[in-house]
>>> print(open('my_file-v4.txt').read())   # compact mmCIF, C-alpha atoms and all ligand atoms
# COMPACT_ATOMS: atom_id res chain seq x y z
CA MET A 1 -10.95 -33.70 -18.09
CA SER A 2 -8.83 -34.94 -15.20
CA ALA A 3 -10.06 -34.57 -11.60
CA ALA A 4 -7.97 -31.46 -10.79
CA PRO A 5 -9.27 -29.22 -13.63
CA GLU A 6 -12.80 -30.38 -12.81
CA ARG A 7 -12.36 -29.38 -9.16
CA ALA A 8 -10.96 -26.02 -10.24
CA ALA A 9 -13.86 -25.40 -12.64
CA GLU A 10 -16.38 -26.37 -9.98
CA LEU A 11 -14.83 -23.91 -7.47
CA VAL A 12 -14.94 -21.09 -10.01
CA ALA A 13 -18.57 -21.90 -10.88
CA ARG A 14 -19.60 -21.87 -7.21
CA ASP A 15 -17.70 -18.59 -6.74
CA ALA A 16 -19.61 -17.04 -9.64
CA ARG A 17 -22.91 -17.82 -7.91
CA VAL A 18 -22.16 -16.32 -4.50
CA LEU A 19 -19.22 -13.89 -4.53
CA TRP A 20 -18.53 -10.25 -5.29
CA HIS A 21 -14.80 -9.58 -5.67
CA PRO A 22 -12.89 -6.36 -4.95
CA TYR A 23 -11.85 -4.12 -7.85
CA THR A 24 -13.38 -6.65 -10.23
CA GLN A 25 -15.68 -5.98 -13.17
CA HIS A 26 -17.81 -9.10 -13.02
CA GLY A 27 -19.16 -8.29 -16.49
CA LEU A 28 -15.67 -8.84 -17.90
CA GLU A 29 -13.66 -10.85 -15.39
CA ARG A 30 -15.12 -14.31 -15.00
CA ASP A 31 -12.21 -16.53 -14.10
CA PRO A 32 -10.70 -15.88 -10.68
CA LEU A 33 -7.62 -17.98 -10.02
CA PRO A 34 -8.65 -21.03 -7.97
CA VAL A 35 -5.79 -20.94 -5.46
CA VAL A 36 -5.28 -23.87 -3.13
CA GLY A 37 -1.84 -23.17 -1.73
CA ALA A 38 1.18 -20.92 -1.82
CA ALA A 39 4.86 -21.33 -1.05
CA GLY A 40 7.65 -18.82 -1.57
CA ALA A 41 6.93 -16.71 -4.63
CA TRP A 42 4.46 -19.24 -6.08
CA LEU A 43 0.71 -19.72 -5.94
CA GLU A 44 -0.60 -23.25 -6.47
CA LEU A 45 -3.86 -23.55 -8.36
CA ALA A 46 -6.60 -26.15 -8.00
CA ASP A 47 -5.98 -27.39 -11.55
CA GLY A 48 -2.33 -28.16 -10.77
CA ARG A 49 -0.82 -25.02 -12.35
CA ARG A 50 1.70 -22.84 -10.51
CA VAL A 51 1.78 -19.08 -10.93
CA LEU A 52 4.58 -16.73 -9.89
CA ASP A 53 3.17 -14.02 -7.60
CA ALA A 54 5.11 -11.10 -9.12
CA ILE A 55 2.96 -8.51 -7.35
CA SER A 56 3.24 -9.96 -3.84
CA SER A 57 -0.54 -10.44 -3.64
CA TRP A 58 -1.42 -6.73 -3.77
CA TRP A 59 2.05 -5.65 -2.54
CA ALA A 60 1.66 -7.31 0.85
CA CYS A 61 3.57 -10.60 0.76
CA LEU A 62 7.02 -9.47 1.84
CA HIS A 63 9.24 -12.51 2.37
CA GLY A 64 7.32 -15.04 0.27
CA HIS A 65 4.24 -17.11 1.03
CA GLY A 66 4.14 -19.51 3.97
CA HIS A 67 7.41 -18.47 5.59
CA PRO A 68 7.92 -21.09 8.33
CA ARG A 69 8.98 -18.50 10.93
CA ILE A 70 5.79 -16.47 10.49
CA VAL A 71 3.61 -19.59 10.28
CA ALA A 72 5.13 -20.87 13.55
CA ALA A 73 4.67 -17.50 15.28
CA ILE A 74 1.00 -17.43 14.24
CA ALA A 75 0.39 -20.98 15.51
CA GLU A 76 2.15 -20.37 18.83
CA GLN A 77 0.32 -17.11 19.48
CA ALA A 78 -3.07 -18.62 18.56
CA ARG A 79 -2.54 -21.24 21.25
CA ALA A 80 -1.53 -18.69 23.92
CA LEU A 81 -3.93 -15.79 23.33
CA ASP A 82 -6.10 -15.58 20.23
CA HIS A 83 -7.78 -12.26 20.80
CA VAL A 84 -8.72 -9.76 23.45
CA LEU A 85 -10.27 -6.32 23.12
CA PHE A 86 -7.67 -3.55 23.15
CA ALA A 87 -9.59 -0.91 25.09
CA GLY A 88 -8.63 -1.31 28.72
CA ALA A 89 -6.43 -4.37 28.05
CA THR A 90 -2.96 -4.94 26.68
CA HIS A 91 -0.64 -7.80 25.76
CA GLU A 92 3.00 -8.54 25.09
CA PRO A 93 2.83 -8.87 21.26
CA ALA A 94 1.20 -5.43 20.89
CA VAL A 95 3.62 -3.72 23.27
CA ARG A 96 6.70 -5.36 21.80
CA LEU A 97 5.63 -4.65 18.23
CA ALA A 98 5.05 -0.98 19.09
CA GLU A 99 8.50 -0.78 20.72
CA GLU A 100 10.15 -2.37 17.72
CA LEU A 101 8.29 -0.27 15.15
CA LEU A 102 9.18 2.95 16.95
CA ALA A 103 12.83 1.91 17.16
CA LEU A 104 12.94 1.33 13.39
CA ALA A 105 10.76 4.22 12.24
CA PRO A 106 11.98 7.74 11.44
CA PRO A 107 12.67 9.89 14.55
CA ASP A 108 10.10 11.78 16.65
CA LEU A 109 7.37 9.15 16.36
CA SER A 110 6.54 7.86 19.83
CA ARG A 111 3.01 6.38 19.78
CA VAL A 112 1.46 3.49 17.86
CA PHE A 113 -2.27 3.20 17.14
CA TYR A 114 -3.28 -0.15 15.63
CA SER A 115 -6.02 -0.79 13.11
CA ASP A 116 -6.79 -3.39 10.46
CA ASP A 117 -5.70 -2.30 6.99
CA GLY A 118 -4.10 0.50 5.03
CA SER A 119 -7.31 2.45 4.55
CA THR A 120 -8.04 2.48 8.27
CA ALA A 121 -4.43 3.47 9.07
CA VAL A 122 -4.99 6.52 6.85
CA GLU A 123 -8.45 7.14 8.27
CA VAL A 124 -6.96 7.14 11.78
CA ALA A 125 -4.21 9.60 10.79
CA LEU A 126 -6.69 12.05 9.23
CA LYS A 127 -9.06 11.80 12.19
CA MET A 128 -6.24 12.27 14.71
CA VAL A 129 -5.11 15.44 12.97
CA ALA A 130 -8.66 16.81 12.62
CA GLN A 131 -9.58 16.15 16.24
CA ALA A 132 -6.26 17.48 17.55
CA TRP A 133 -6.92 20.82 15.81
CA HIS A 134 -10.39 20.89 17.28
CA GLN A 135 -9.10 20.24 20.79
CA ARG A 136 -6.30 22.75 20.43
CA GLY A 137 -8.85 25.48 19.74
CA GLU A 138 -8.34 25.73 15.97
CA PRO A 139 -11.44 23.97 14.63
CA GLN A 140 -11.28 25.98 11.40
CA ARG A 141 -8.28 23.89 10.29
CA THR A 142 -10.23 21.43 8.17
CA ALA A 143 -8.46 21.59 4.81
CA PHE A 144 -6.12 18.74 3.97
CA ILE A 145 -3.67 18.91 1.09
CA ALA A 146 -2.92 15.80 -0.97
CA LEU A 147 -1.14 14.98 -4.22
CA LYS A 148 -2.70 14.70 -7.66
CA GLY A 149 -3.02 11.02 -8.52
CA ALA A 150 -2.94 10.03 -4.85
CA TYR A 151 -4.45 6.77 -3.62
CA HIS A 152 -4.87 6.26 0.12
CA GLY A 153 -7.54 3.56 0.34
CA ASP A 154 -11.27 3.00 -0.01
CA THR A 155 -12.92 4.20 3.21
CA PHE A 156 -14.52 7.66 3.10
CA GLY A 157 -11.67 9.69 4.59
CA ALA A 158 -9.10 7.77 2.56
CA MET A 159 -11.18 8.29 -0.59
CA ALA A 160 -11.39 12.02 0.13
CA ALA A 161 -7.59 12.17 0.41
CA GLY A 162 -7.26 10.19 -2.82
CA ASP A 163 -7.67 11.57 -6.30
CA PRO A 164 -11.30 11.09 -7.46
CA GLU A 165 -9.92 9.73 -10.74
CA PRO A 166 -10.13 6.99 -11.76
CA PHE A 167 -12.22 5.35 -9.01
CA PHE A 168 -14.14 7.67 -6.74
CA ARG A 169 -16.16 10.18 -8.81
CA ALA A 170 -19.49 8.71 -7.63
CA PHE A 171 -18.59 9.41 -4.02
CA GLU A 172 -17.53 13.02 -4.50
CA PRO A 173 -20.71 14.52 -2.97
CA PHE A 174 -19.97 12.59 0.22
CA LEU A 175 -16.28 13.45 0.53
CA PHE A 176 -14.67 16.40 2.32
CA ALA A 177 -12.82 18.82 0.06
CA VAL A 178 -9.08 18.36 -0.31
CA LEU A 179 -6.69 20.71 -2.06
CA ARG A 180 -4.69 18.71 -4.58
CA VAL A 181 -1.22 19.66 -5.79
CA GLU A 182 1.51 18.21 -8.00
CA PRO A 183 4.54 17.00 -6.04
CA GLU A 184 6.31 20.33 -6.52
CA ALA A 185 7.50 22.62 -3.73
CA GLU A 186 6.07 25.79 -5.35
CA ALA A 187 2.63 24.24 -5.71
CA LEU A 188 2.61 23.10 -2.10
CA GLN A 189 3.82 26.46 -0.86
CA ALA A 190 1.07 28.22 -2.82
CA ALA A 191 -1.56 25.83 -1.39
CA LEU A 192 -0.38 26.41 2.18
CA GLU A 193 -0.45 30.15 1.64
CA VAL A 194 -3.93 30.10 0.11
CA LEU A 195 -5.29 28.01 2.97
CA GLY A 196 -3.49 29.91 5.75
CA THR A 197 -5.02 29.01 9.11
CA ARG A 198 -7.52 26.68 7.42
CA ALA A 199 -4.74 24.19 6.56
CA ALA A 200 -5.03 20.95 8.55
CA GLY A 201 -2.17 18.89 7.14
CA LEU A 202 -0.51 17.29 4.14
CA ILE A 203 -0.78 13.61 3.20
CA VAL A 204 1.59 11.95 0.74
CA GLU A 205 2.65 8.54 -0.52
CA PRO A 206 6.39 9.12 -0.16
CA LEU A 207 8.46 8.73 -3.37
CA VAL A 208 6.05 6.39 -5.21
CA GLN A 209 2.40 6.82 -6.05
CA GLY A 210 1.58 3.13 -6.33
CA ALA A 211 -2.00 2.86 -7.55
CA ALA A 212 -1.50 5.86 -9.86
CA GLY A 213 0.78 3.58 -11.90
CA MET A 214 4.01 3.39 -9.87
CA ARG A 215 4.65 7.08 -10.52
CA LEU A 216 7.90 8.25 -8.96
CA TYR A 217 8.76 11.73 -7.77
CA ALA A 218 11.96 13.26 -6.47
CA PRO A 219 13.00 13.04 -2.80
CA GLU A 220 13.68 16.78 -2.94
CA PHE A 221 9.93 17.35 -2.94
CA LEU A 222 9.58 15.46 0.33
CA ARG A 223 12.37 17.49 1.90
CA SER A 224 10.69 20.73 0.79
CA ALA A 225 7.33 19.40 2.00
CA ARG A 226 8.83 18.66 5.41
CA GLU A 227 10.25 22.16 5.61
CA LEU A 228 7.04 23.82 4.42
CA CYS A 229 4.84 21.83 6.81
CA THR A 230 7.11 22.77 9.72
CA ARG A 231 7.12 26.42 8.68
CA HIS A 232 3.32 26.51 8.41
CA GLY A 233 2.83 24.47 11.60
CA VAL A 234 0.87 21.64 9.98
CA PRO A 235 1.53 17.90 10.23
CA LEU A 236 2.97 15.82 7.42
CA ILE A 237 1.30 12.41 7.09
CA ALA A 238 3.38 9.78 5.29
CA ASP A 239 1.25 6.97 3.91
CA GLU A 240 3.78 4.13 3.70
CA VAL A 241 1.15 1.42 3.42
CA PHE A 242 2.77 0.41 0.12
CA THR A 243 6.30 1.77 0.42
CA GLY A 244 6.93 0.52 3.98
CA PHE A 245 9.12 -2.46 4.89
CA GLY A 246 11.72 -2.20 2.18
CA ARG A 247 9.83 -1.76 -1.07
CA THR A 248 11.87 1.32 -2.07
CA GLY A 249 15.21 -0.18 -1.01
CA ALA A 250 15.13 1.45 2.44
CA LEU A 251 13.02 0.17 5.32
CA PHE A 252 10.81 3.26 4.93
CA ALA A 253 10.67 5.61 1.95
CA CYS A 254 10.83 8.58 4.36
CA GLN A 255 14.24 7.36 5.48
CA ARG A 256 15.37 7.06 1.88
CA ALA A 257 14.36 10.70 1.40
CA GLY A 258 15.86 11.73 4.76
CA ILE A 259 12.67 13.11 6.29
CA ALA A 260 10.72 12.49 9.50
CA PRO A 261 6.91 12.68 9.15
CA ASP A 262 4.52 13.61 11.98
CA LEU A 263 2.37 10.57 11.26
CA LEU A 264 3.31 7.35 9.53
CA CYS A 265 0.71 4.90 8.16
CA LEU A 266 1.69 1.24 7.83
CA GLY A 267 -0.17 -1.85 6.60
CA LYS A 268 0.27 -4.51 3.90
CA GLY A 269 3.83 -5.80 4.61
CA LEU A 270 3.53 -5.19 8.37
CA THR A 271 2.64 -8.85 8.98
CA GLY A 272 4.74 -9.99 6.04
CA GLY A 273 1.45 -10.01 4.16
CA THR A 274 -0.10 -12.82 6.19
CA LEU A 275 -2.81 -11.23 8.34
CA PRO A 276 -4.67 -7.92 8.36
CA LEU A 277 -2.97 -5.42 10.65
CA ALA A 278 -2.15 -1.75 10.28
CA ALA A 279 -0.57 0.92 12.41
CA THR A 280 -0.56 4.70 12.56
CA LEU A 281 2.52 6.09 14.27
CA ALA A 282 2.24 9.57 15.79
CA THR A 283 4.33 12.09 17.72
CA GLU A 284 4.07 12.83 21.44
CA PRO A 285 2.62 16.36 20.95
CA LEU A 286 -0.21 14.83 18.91
CA PHE A 287 -0.87 12.24 21.62
CA GLU A 288 -0.86 14.99 24.23
CA ALA A 289 -3.58 16.90 22.35
CA PHE A 290 -5.91 14.09 23.51
CA LEU A 291 -4.72 13.89 27.15
CA HIS A 292 -7.30 15.36 29.48
CA THR A 293 -9.34 14.62 32.55
CA GLU A 294 -12.51 14.98 30.48
CA ARG A 295 -13.17 11.48 29.20
CA THR A 296 -14.75 12.32 25.85
CA ARG A 297 -11.68 14.14 24.61
CA PHE A 298 -10.18 10.71 23.89
CA PHE A 299 -9.74 9.46 20.33
CA PRO A 300 -13.07 7.82 19.47
CA HIS A 301 -11.77 5.21 17.10
CA GLY A 302 -11.27 1.48 17.58
CA HIS A 303 -11.93 -1.63 15.59
CA THR A 304 -13.01 -4.93 17.08
CA PHE A 305 -9.73 -6.56 16.10
CA THR A 306 -7.44 -3.66 17.01
CA ALA A 307 -3.99 -5.07 17.90
CA ASN A 308 -5.09 -8.67 17.39
CA PRO A 309 -2.37 -10.70 19.18
CA ILE A 310 -1.97 -13.26 16.38
CA ALA A 311 -1.48 -10.51 13.80
CA CYS A 312 1.00 -8.72 16.13
CA ALA A 313 2.95 -11.98 16.54
CA ALA A 314 3.07 -12.39 12.76
CA ALA A 315 4.34 -8.80 12.47
CA LEU A 316 7.06 -9.42 15.07
CA ALA A 317 8.25 -12.49 13.16
CA SER A 318 8.18 -10.50 9.93
CA LEU A 319 10.21 -7.64 11.46
CA ALA A 320 12.80 -10.14 12.71
CA LEU A 321 13.10 -11.50 9.16
CA CYS A 322 13.39 -7.95 7.76
CA ARG A 323 16.42 -7.42 10.00
CA GLU A 324 18.06 -10.82 9.61
CA ASP A 325 17.57 -11.08 5.85
CA ASP A 326 18.13 -7.38 5.14
CA VAL A 327 14.88 -7.31 3.16
CA PRO A 328 15.31 -3.78 1.74
CA THR A 329 18.63 -4.77 0.14
CA ARG A 330 17.17 -8.02 -1.16
CA LEU A 331 14.19 -6.26 -2.69
CA ALA A 332 16.48 -3.67 -4.27
CA ARG A 333 18.59 -6.47 -5.80
CA ILE A 334 15.45 -8.08 -7.23
CA GLY A 335 14.29 -4.75 -8.66
CA THR A 336 17.71 -4.08 -10.19
CA ARG A 337 17.77 -7.53 -11.83
CA ILE A 338 14.36 -7.13 -13.42
CA ALA A 339 15.00 -3.52 -14.47
CA ALA A 340 18.36 -4.48 -16.03
CA GLU A 341 16.70 -7.18 -18.15
CA LEU A 342 14.01 -4.74 -19.24
CA ALA A 343 16.43 -1.84 -19.96
CA PRO A 344 16.69 -2.57 -23.72
CA LEU A 345 12.92 -2.01 -23.97
CA LYS A 346 13.31 1.66 -23.08
CA GLU A 347 13.71 2.36 -26.80
CA HIS A 348 10.77 0.18 -27.80
CA PRO A 349 8.11 2.15 -29.70
CA SER A 350 5.35 0.81 -27.40
CA VAL A 351 7.14 1.88 -24.20
CA ARG A 352 6.66 5.34 -22.79
CA GLU A 353 8.87 4.89 -19.72
CA LEU A 354 10.70 2.31 -17.60
CA ARG A 355 10.59 3.19 -13.90
CA HIS A 356 12.52 1.51 -11.12
CA LEU A 357 12.94 2.20 -7.41
CA GLY A 358 14.06 -0.45 -4.93
CA GLY A 359 11.99 -3.57 -5.53
CA ILE A 360 9.45 -1.80 -7.75
CA VAL A 361 9.77 -1.99 -11.55
CA ALA A 362 7.20 -0.48 -13.91
CA LEU A 363 6.88 -0.25 -17.66
CA GLU A 364 4.43 2.35 -18.87
CA LEU A 365 3.09 1.49 -22.31
CA ARG A 366 1.84 3.95 -24.88
CA PRO A 367 -1.91 3.65 -25.37
CA ARG A 368 -2.72 2.27 -28.80
CA ALA A 369 -4.54 4.46 -31.31
CA GLY A 370 -8.19 4.95 -30.38
CA GLU A 371 -7.76 3.19 -27.05
CA ARG A 372 -8.76 4.66 -23.72
CA PRO A 373 -5.57 5.47 -21.78
CA GLY A 374 -5.11 5.04 -18.03
CA TYR A 375 -6.54 2.58 -15.52
CA GLY A 376 -9.67 1.88 -17.54
CA SER A 377 -7.67 0.64 -20.51
CA ALA A 378 -9.29 -2.57 -21.73
CA ARG A 379 -5.80 -3.94 -22.43
CA ALA A 380 -5.06 -4.40 -18.73
CA LEU A 381 -7.21 -7.54 -18.53
CA GLU A 382 -5.73 -8.93 -21.72
CA LEU A 383 -2.19 -8.30 -20.46
CA ARG A 384 -3.03 -10.03 -17.20
CA ARG A 385 -4.43 -13.05 -19.02
CA ARG A 386 -1.39 -13.31 -21.27
CA ALA A 387 0.97 -13.06 -18.30
CA LEU A 388 -0.92 -15.90 -16.61
CA GLU A 389 -0.49 -18.04 -19.73
CA ARG A 390 3.24 -17.63 -19.10
CA GLY A 391 2.86 -18.62 -15.46
CA VAL A 392 3.19 -15.13 -13.95
CA LEU A 393 0.61 -13.15 -11.98
CA LEU A 394 0.70 -9.48 -12.99
CA ARG A 395 -2.12 -7.01 -12.45
CA PRO A 396 -1.39 -4.07 -14.75
CA LEU A 397 -2.59 -0.66 -13.60
CA GLY A 398 -4.14 0.29 -16.93
CA ASP A 399 -1.22 0.77 -19.33
CA VAL A 400 1.36 0.29 -16.59
CA LEU A 401 2.87 -3.16 -16.32
CA TYR A 402 4.72 -3.57 -13.08
CA ALA A 403 6.39 -6.08 -10.81
CA VAL A 404 6.68 -5.89 -7.01
CA PRO A 405 7.90 -9.40 -6.12
CA PRO A 406 8.52 -10.80 -2.63
CA ALA A 407 12.04 -10.85 -1.16
CA CYS A 408 12.48 -14.61 -1.72
CA THR A 409 12.31 -14.22 -5.54
CA SER A 410 15.35 -15.96 -7.07
CA ALA A 411 17.46 -14.80 -10.01
CA GLU A 412 15.69 -17.34 -12.27
CA GLU A 413 12.28 -16.16 -11.08
CA CYS A 414 13.30 -12.53 -11.73
CA ALA A 415 14.28 -13.58 -15.25
CA LEU A 416 10.86 -15.20 -15.75
CA VAL A 417 9.12 -12.00 -14.59
CA ALA A 418 11.25 -9.84 -16.90
CA ARG A 419 10.80 -12.23 -19.87
CA THR A 420 7.05 -12.17 -19.33
CA MET A 421 6.88 -8.38 -19.14
CA ALA A 422 9.06 -8.12 -22.26
CA ALA A 423 6.84 -10.58 -24.15
CA LEU A 424 3.76 -8.53 -23.25
CA VAL A 425 5.44 -5.38 -24.59
CA GLU A 426 6.34 -7.17 -27.82
CA GLY A 427 2.70 -8.18 -28.27
CA TRP A 428 1.35 -4.69 -27.44
CA GLY A 429 2.03 -2.61 -30.56
N1 LIG B 1 -2.42 3.61 1.07
C1 LIG B 1 -1.68 3.21 0.03
C2 LIG B 1 -0.49 4.03 -0.39
C3 LIG B 1 -2.01 2.06 -0.68
O1 LIG B 1 -1.29 1.69 -1.73
C4 LIG B 1 -3.13 1.32 -0.24
C5 LIG B 1 -3.54 0.09 -0.97
O2 LIG B 1 -3.06 -0.23 -2.01
C6 LIG B 1 -3.87 1.77 0.85
C7 LIG B 1 -3.48 2.91 1.49
C8 LIG B 1 -5.08 1.01 1.32
O3 LIG B 1 -4.69 -0.16 1.94
P1 LIG B 1 -5.75 -1.34 2.18
O4 LIG B 1 -6.06 -1.88 0.82
O5 LIG B 1 -5.01 -2.32 3.04
O6 LIG B 1 -6.93 -0.75 2.85
>>> encode(input="my_file-v4.txt", output="structure tokens", more="lines below")
Ligand code: PLP
Amino acid sequence: MSAAPERAAELVARDARVLWHPYTQHGLERDPLPVVGAAGAWLELADGRRVLDAISSWWACLHGHGHPRIVAAIAEQARALDHVLFAGATHEPAVRLAEELLALAPPDLSRVFYSDDGSTAVEVALKMVAQAWHQRGEPQRTAFIALKGAYHGDTFGAMAAGDPEPFFRAFEPFLFAVLRVEPEAEALQAALEVLGTRAAGLIVEPLVQGAAGMRLYAPEFLRSARELCTRHGVPLIADEVFTGFGRTGALFACQRAGIAPDLLCLGKGLTGGTLPLAATLATEPLFEAFLHTERTRFFPHGHTFTANPIACAAALASLALCREDDVPTRLARIGTRIAAELAPLKEHPSVRELRHLGGIVALELRPRAGERPGYGSARALELRRRALERGVLLRPLGDVLYAVPPACTSAEECALVARTMAALVEGWG
């Protein structure tokens, strides 16, 4: 064994003694990738291998790893101001980032509340809506509506908004009730009518339900949802933690659908995928529901690292790159390339559906006879392992193989991703 594989094996062995990984079944998954570096679309492993990050490290890495502009912005900001609490203090990176986000976001959003990750951005949105109703004298409005198959994160409010299947059954007794509908106008209308003045708001992942298996739905539903929420006087929360920053081919999926939400949740790609930072954008009327001379009517939510200056600086550098490099168009080109190479597989007996929107490409496979379908499918781990043997990191969502590569992915790298996905389909039947 040469020195590099030995070092890699030693790291994995030490990991196995002390770590507990997210969304990992330690009884089955014993070999985390020992990553020592990353550049562009590639991860470098301790044993000398390189792996193409075709899922942008959980959909976050936007431009590619180690982009020099973001790295420089992080270093410069760390020297100037590393961190300061954000209650009763402010700083240029937070203010400028808020200004820039509001200028790019759909209309009517005028306030930015920072937090740390997608789940907390959702948590903040739900809490803002709930407290605003309370302070407006309608405390009975406690019923949120969400979509079947939704995923909004892992904190308690986000879990409540998400579908209990396949992850959250054990937590059900602790979660507030949410009315769940298919993304169909009639179903939403019926839910709003049933709830009446108990309705608090609607939360959606616009256009794509990522964790549900890159399920797409029609923009018409979002336009109907906007209209219905307005008619019933309840806010529409758009969770763009995944779809934000170009993934669907527009900067925000809401813009692609031509709607303006009342709250917009952002995370993942906000810093280009380099540092944890999230934001919840809200309208002025919502902000005003908290304005008062009584101190405790404020919004009682804040994390230690709210608006961390280094993360804000990374986000500003990432936004500049989004504009200069036209990231949404780049991602759409990447998605089109991969989808075009996979198109012949549409007729393959193992393929149920090929889905493509912007930079997102998914192949849903038919479960094999006797096999458990959905996220729990044992094949997901095998598919992942076989993709890695071909030098590509994929993390299938059960029977759904998908690619969400960063914007730097070249034509040759797209071809490698498509060839790998195709080879996995061929070996599926
Ligand atoms: N919302 C959506 C739509 C997501 O896809 C995710 C994560 O995948 C989240 C929220 C949670 O984000 P985080 O993992 O950063 O907490």
>>> residues_around(input="my_file-v4.txt", residues="segment 294-305 of chain A", least_positions_apart="5", cutoff="9 Å", atoms="only C-alpha atoms", output="list in words")
His83, Val84, Leu85, Phe86, Ala87, Tyr114, Ser115, Asp116, Val124, Lys127, Met128, Gln131, Gln135, Leu277 and Ala289 of chain A
>>> write_last_selection(input="my_file-v4.txt", atoms="C-alpha atoms", output="short mmCIF file (atom, residue, chain, number, x, y, z; two decimals), in the frame of the given file")
data_model
loop_
_atom_site.label_atom_id
_atom_site.label_comp_id
_atom_site.auth_asym_id
_atom_site.auth_seq_id
_atom_site.Cartn_x
_atom_site.Cartn_y
_atom_site.Cartn_z
CA HIS A 83 -7.78 -12.26 20.80
CA VAL A 84 -8.72 -9.76 23.45
CA LEU A 85 -10.27 -6.32 23.12
CA PHE A 86 -7.67 -3.55 23.15
CA ALA A 87 -9.59 -0.91 25.09
CA TYR A 114 -3.28 -0.15 15.63
CA SER A 115 -6.02 -0.79 13.11
CA ASP A 116 -6.79 -3.39 10.46
CA VAL A 124 -6.96 7.14 11.78
CA LYS A 127 -9.06 11.80 12.19
CA MET A 128 -6.24 12.27 14.71
CA GLN A 131 -9.58 16.15 16.24
CA GLN A 135 -9.10 20.24 20.79
CA LEU A 277 -2.97 -5.42 10.65
CA ALA A 289 -3.58 16.90 22.35
#
>>> residues_around(input="my_file-v4.txt", residues="Arg14 of chain A", least_positions_apart="6", cutoff="12 Å", atoms="all atoms listed in the file", output="list in words")
Arg7, Ala8, Trp20, Arg30, Asp31, Pro32 and Pro34 of chain A
>>> residues_around(input="my_file-v4.txt", residues="Ser410 of chain A", least_positions_apart="5", cutoff="9 Å", atoms="all atoms listed in the file", output="ChimeraX atom specification")
/A:41,334,415
>>> closest_residue(input="my_file-v4.txt", among="A:Phe176, A:Leu101, A:Cys408, A:Leu28", to="His65 of chain A", atoms="only C-alpha atoms")
A:Cys408
>>> residues_near_point(input="my_file-v4.txt", point="(14.9, -5.8, 7.7)", cutoff="12 Å", atoms="all atoms listed in the file", output="number ranges by chain")
A: 62-63, 100-101, 104-105, 244-247, 249-252, 269-270, 272, 315-331, 407
>>> atom_distance(input="my_file-v4.txt", atom1="atom CA of Pro396 of chain A", atom2="atom CA of Leu381 of chain A")
7.8 Å
>>> closest_residue(input="my_file-v4.txt", among="A:Gly210, A:Gly149, A:Pro106, A:Pro22", to="ligand LIG 1 (chain B)", atoms="all atoms listed in the file")
A:Gly210
>>> atom_distance(input="my_file-v4.txt", atom1="atom CA of Leu342 of chain A", atom2="atom CA of Leu357 of chain A")
13.8 Å
>>> residues_around(input="my_file-v4.txt", residues="Arg390 of chain A", least_positions_apart="5", cutoff="12 Å", atoms="only C-alpha atoms", output="count of residues only")
16
>>> residues_near_ligand(input="my_file-v4.txt", ligand="ligand LIG 1 (chain B)", cutoff="7 Å", atoms="all atoms listed in the file", output="list of chain:residue names")
A:Trp58, A:Asp117, A:Gly118, A:Ser119, A:Thr120, A:Val122, A:Tyr151, A:His152, A:Gly153, A:Asp154, A:Glu205, A:Gln209, A:Gly210, A:Ala211, A:Asp239, A:Glu240, A:Val241, A:Phe242, A:Gly267, A:Lys268
>>> atom_distance(input="my_file-v4.txt", atom1="atom CA of Pro405 of chain A", atom2="atom CA of Leu43 of chain A")
12.6 Å
>>> closest_residue(input="my_file-v4.txt", among="A:His232, A:Arg223, A:Arg215, A:Arg386", to="Ala260 of chain A", atoms="only C-alpha atoms")
A:Arg223
>>> closest_residue(input="my_file-v4.txt", among="A:Thr280, A:Ala4, A:Glu220, A:Pro183", to="Val35 of chain A", atoms="all atoms listed in the file")
A:Ala4
>>> closest_residue(input="my_file-v4.txt", among="A:Ala238, A:Leu33, A:Leu216, A:Val181", to="His21 of chain A", atoms="only C-alpha atoms")
A:Leu33
>>> closest_residue(input="my_file-v4.txt", among="A:Arg366, A:Gly66, A:Gln25, A:Arg111", to="Ala38 of chain A", atoms="all atoms listed in the file")
A:Gly66
>>> residues_around(input="my_file-v4.txt", residues="Ala311 of chain A", least_positions_apart="3", cutoff="9 Å", atoms="only C-alpha atoms", output="PDB file with C-alpha atoms, keeping the file's coordinate frame")
ATOM      1  CA  ILE A  74       1.000 -17.430  14.240  1.00  0.00           C
ATOM      2  CA  GLN A  77       0.320 -17.110  19.480  1.00  0.00           C
ATOM      3  CA  PRO A  93       2.830  -8.870  21.260  1.00  0.00           C
ATOM      4  CA  THR A 271       2.640  -8.850   8.980  1.00  0.00           C
ATOM      5  CA  THR A 274      -0.100 -12.820   6.190  1.00  0.00           C
ATOM      6  CA  LEU A 275      -2.810 -11.230   8.340  1.00  0.00           C
ATOM      7  CA  PRO A 276      -4.670  -7.920   8.360  1.00  0.00           C
ATOM      8  CA  LEU A 277      -2.970  -5.420  10.650  1.00  0.00           C
ATOM      9  CA  ALA A 307      -3.990  -5.070  17.900  1.00  0.00           C
ATOM     10  CA  ASN A 308      -5.090  -8.670  17.390  1.00  0.00           C
ATOM     11  CA  ALA A 314       3.070 -12.390  12.760  1.00  0.00           C
ATOM     12  CA  ALA A 315       4.340  -8.800  12.470  1.00  0.00           C
ATOM     13  CA  LEU A 316       7.060  -9.420  15.070  1.00  0.00           C
TER      14      LEU A 316
END
